[in-house]
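For reference, start-v2.txt (compact mmCIF, C-alpha atoms and all ligand atoms):
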```
# COMPACT_ATOMS: atom_id res chain seq x y z
CA MET A 1 23.51 -5.67 10.11
CA THR A 2 20.71 -6.63 7.74
CA LYS A 3 19.93 -4.23 4.92
CA LYS A 4 16.52 -2.63 5.41
CA PRO A 5 14.28 -1.00 2.80
CA SER A 6 14.21 2.81 2.89
CA LEU A 7 10.48 2.82 2.16
CA VAL A 8 7.82 0.17 2.75
CA VAL A 9 4.63 0.65 0.70
CA PHE A 10 1.23 -0.91 1.44
CA ASP A 11 -1.76 -1.25 -0.83
CA LEU A 12 -5.05 -0.48 0.97
CA ASP A 13 -7.99 -2.61 -0.25
CA TYR A 14 -7.58 -6.28 0.71
CA THR A 15 -4.11 -5.56 2.00
CA LEU A 16 -4.45 -3.17 4.95
CA TRP A 17 -8.21 -3.67 5.25
CA PRO A 18 -10.48 -6.52 4.12
CA PHE A 19 -12.78 -4.73 1.66
CA TRP A 20 -12.92 -2.36 -1.27
CA VAL A 21 -13.32 1.11 0.13
CA ASP A 22 -15.27 2.33 -2.90
CA THR A 23 -17.93 -0.40 -2.98
CA HIS A 24 -18.10 -2.56 0.14
CA VAL A 25 -18.35 -0.25 3.08
CA ASP A 26 -21.24 1.40 4.88
CA PRO A 27 -21.64 3.83 7.78
CA PRO A 28 -20.34 5.19 10.08
CA PHE A 29 -18.07 7.00 7.67
CA GLN A 30 -20.45 7.17 4.74
CA LYS A 31 -21.81 10.57 5.80
CA SER A 32 -18.65 12.41 4.80
CA ARG A 33 -17.55 10.08 2.05
CA THR A 34 -17.73 11.76 -1.33
CA SER A 35 -15.20 9.70 -3.21
CA GLU A 36 -13.04 6.67 -2.73
CA ILE A 37 -10.05 8.93 -2.15
CA GLN A 38 -11.73 10.81 0.68
CA GLY A 39 -13.12 7.56 2.09
CA ALA A 40 -9.73 5.92 2.09
CA THR A 41 -8.08 8.94 3.63
CA GLN A 42 -10.75 9.03 6.34
CA LEU A 43 -10.31 5.35 7.15
CA LEU A 44 -6.55 5.77 7.47
CA ASP A 45 -7.34 8.53 9.92
CA LEU A 46 -10.01 6.59 11.84
CA PHE A 47 -7.83 3.52 12.21
CA GLY A 48 -4.91 5.68 13.29
CA ILE A 49 -2.87 4.13 10.51
CA ASN A 50 -1.88 7.47 9.04
CA LEU A 51 0.26 8.20 12.10
CA TYR A 52 2.75 5.66 10.82
CA PHE A 53 2.97 6.78 7.20
CA ARG A 54 4.95 9.60 5.68
CA TYR A 55 3.50 9.54 2.17
CA THR A 56 0.10 8.67 0.78
CA GLU A 57 -0.65 8.14 -2.88
CA ILE A 58 -4.38 7.40 -3.13
CA TYR A 59 -6.06 7.62 -6.49
CA PRO A 60 -7.20 5.26 -9.23
CA GLY A 61 -4.79 4.27 -11.92
CA SER A 62 -1.53 2.54 -12.45
CA LYS A 63 0.61 1.65 -9.48
CA VAL A 64 3.58 2.35 -11.68
CA THR A 65 2.64 6.05 -11.57
CA HIS A 66 2.24 5.86 -7.78
CA PHE A 67 5.72 4.48 -7.39
CA GLN A 68 7.29 6.99 -9.72
CA ARG A 69 5.68 9.78 -7.69
CA LEU A 70 6.71 8.22 -4.39
CA SER A 71 10.28 8.02 -5.61
CA GLN A 72 10.20 11.65 -6.76
CA GLN A 73 8.59 12.90 -3.52
CA SER A 74 10.87 10.98 -1.22
CA GLY A 75 14.09 10.94 -3.23
CA ILE A 76 14.26 7.21 -2.49
CA PRO A 77 15.28 4.96 -5.39
CA LEU A 78 12.75 2.31 -6.40
CA CYS A 79 15.25 -0.46 -5.62
CA GLN A 80 15.18 0.70 -1.96
CA MET A 81 11.44 0.05 -1.65
CA LEU A 82 9.41 -2.90 -0.43
CA PHE A 83 5.77 -3.23 -1.56
CA PHE A 84 2.80 -5.29 -0.34
CA ASP A 85 -0.32 -5.80 -2.48
CA ASP A 86 -3.10 -8.37 -2.87
CA GLU A 87 -3.24 -8.19 -6.68
CA ASN A 88 -0.94 -10.17 -8.93
CA ARG A 89 -1.06 -7.59 -11.71
CA ASN A 90 0.29 -4.91 -9.34
CA ILE A 91 3.03 -7.20 -8.10
CA TYR A 92 3.93 -7.94 -11.72
CA ASP A 93 3.97 -4.28 -12.84
CA VAL A 94 5.77 -2.86 -9.83
CA SER A 95 8.37 -5.65 -9.75
CA LYS A 96 9.49 -4.53 -13.17
CA LEU A 97 10.40 -1.12 -11.68
CA GLY A 98 12.95 -2.81 -9.42
CA VAL A 99 10.80 -2.69 -6.27
CA THR A 100 10.80 -5.80 -4.05
CA CYS A 101 7.16 -6.97 -4.11
CA ILE A 102 5.23 -9.39 -1.91
CA LEU A 103 1.78 -10.76 -2.73
CA VAL A 104 -0.68 -10.53 0.17
CA PRO A 105 -3.25 -13.32 -0.26
CA ASN A 106 -5.34 -12.78 2.91
CA GLY A 107 -4.50 -9.42 4.42
CA MET A 108 -1.31 -8.02 5.87
CA ASN A 109 0.30 -9.75 8.84
CA LEU A 110 3.61 -9.95 10.65
CA SER A 111 4.89 -13.06 8.92
CA LEU A 112 4.34 -11.43 5.52
CA LEU A 113 6.28 -8.42 6.73
CA ASP A 114 9.12 -10.74 7.77
CA ARG A 115 8.94 -12.46 4.40
CA GLY A 116 9.18 -9.10 2.66
CA LEU A 117 12.19 -8.02 4.68
CA GLU A 118 13.85 -11.35 3.92
CA ALA A 119 13.11 -10.99 0.21
CA PHE A 120 14.55 -7.48 0.26
CA ALA A 121 17.79 -8.59 1.89
CA PRO A 122 18.22 -12.36 1.82
CA SER A 123 20.24 -13.57 4.80
MG MG A 201 -5.74 -4.18 -3.07
```

As a first step, turn the structure in this file into structure tokens.
Ligand SMILES: [Mg+2]
Amino acid sequence: MTKKPSLVVFDLDYTLWPFWVDTHVDPPFQKSRTSEIQGATQLLDLFGINLYFRYTEIYPGSKVTHFQRLSQQSGIPLCQMLFFDDENRNIYDVSKLGVTCILVPNGMNLSLLDRGLEAFAPS
């Protein structure tokens, strides 16, 4: 049986959705948007994406901190995680933690997910 990651982590802007939530988006959700964190949380809710996620770490700052918190919250070692992001600098930083990282050039899709699973556990 193929080894699977214990936790799969997705960036939001330009990975799960094709814009920056803090600068590019307009109504209908603008009415209740008071910060990028609330906006992002609301979009996850509107899209129904949050149903599929156990942890959310949404705030500005280093992804390294996000991953350290995720590991602490979940008890899952960093080497058991798979991460998708559209920014090279995040891939670079998070790779150094021992997380398997996949660059997402044009939004998340199924073949990238397959590529990530293959990179995590080469067959
Ligand atoms: Mg992004």

### Near-A:Tyr92 list (12 Å; only C-alpha atoms; drop same-chain fewer than 4 positions) as a PyMOL selection string
chain A and resi 62-64+83-88+96-103

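Minimum atom-to-atom distance to A:Arg54, evaluated using only C-alpha atoms, belongs to A:Phe10 out of A:Asn90, A:Gln38, A:Pro122, A:Phe10.
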
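Nearest to A:Phe120 of all the residues A:Gln68, A:Leu43, A:Asp11, A:Gln80 is A:Gln80, based on all atoms listed in the file.
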
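When the distance limit is 9 Å and only C-alpha atoms are what count, the residues near A:Ser74, minus those fewer than 3 positions from it on the same chain, are Leu7, Tyr55, Arg69, Leu70, Ser71 and Pro77 of chain A.
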
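Counting all atoms listed in the file and comparing A:Thr41, A:Ala119, A:Met108, A:Thr2, the residue that lies closest to ligand MG 201 (chain A) is A:Met108.
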
All file atoms of stretch 68-80 of chain A boxed axis-aligned, 5 Å per side, centre plus edges, as AutoDock Vina command-line options:
```
--center_x 10.5 --center_y 6.2 --center_z -5.5 --size_x 19.6 --size_y 23.4 --size_z 18.5
```

### Query
Pick from A:Glu36, A:His66, A:Arg115, A:Ser6: nearest to A:Asp93, with only C-alpha atoms counted?
A:His66

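Taking all atoms listed in the file into account, ligand MG 201 (chain A) lies nearest to A:Pro60 out of the set A:Gly75, A:Leu113, A:Leu51, A:Pro60.
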
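Compared by their closest atoms to ligand MG 201 (chain A), and using only C-alpha atoms and all ligand atoms, the residues A:Ala40, A:Val104, A:Leu112, A:Val94 rank with A:Val104 nearest.
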
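With atom CA of A:Ile91 on one side and atom CA of A:Asn50 on the other, the separation reads 23.1 Å.
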
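Computed from the coordinates, the atom CA of A:Pro18 to atom CA of A:Gly107 distance equals 6.7 Å.
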
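Interatomic distance, atom CA of A:Thr65 against atom CA of A:Cys79: 15.4 Å.
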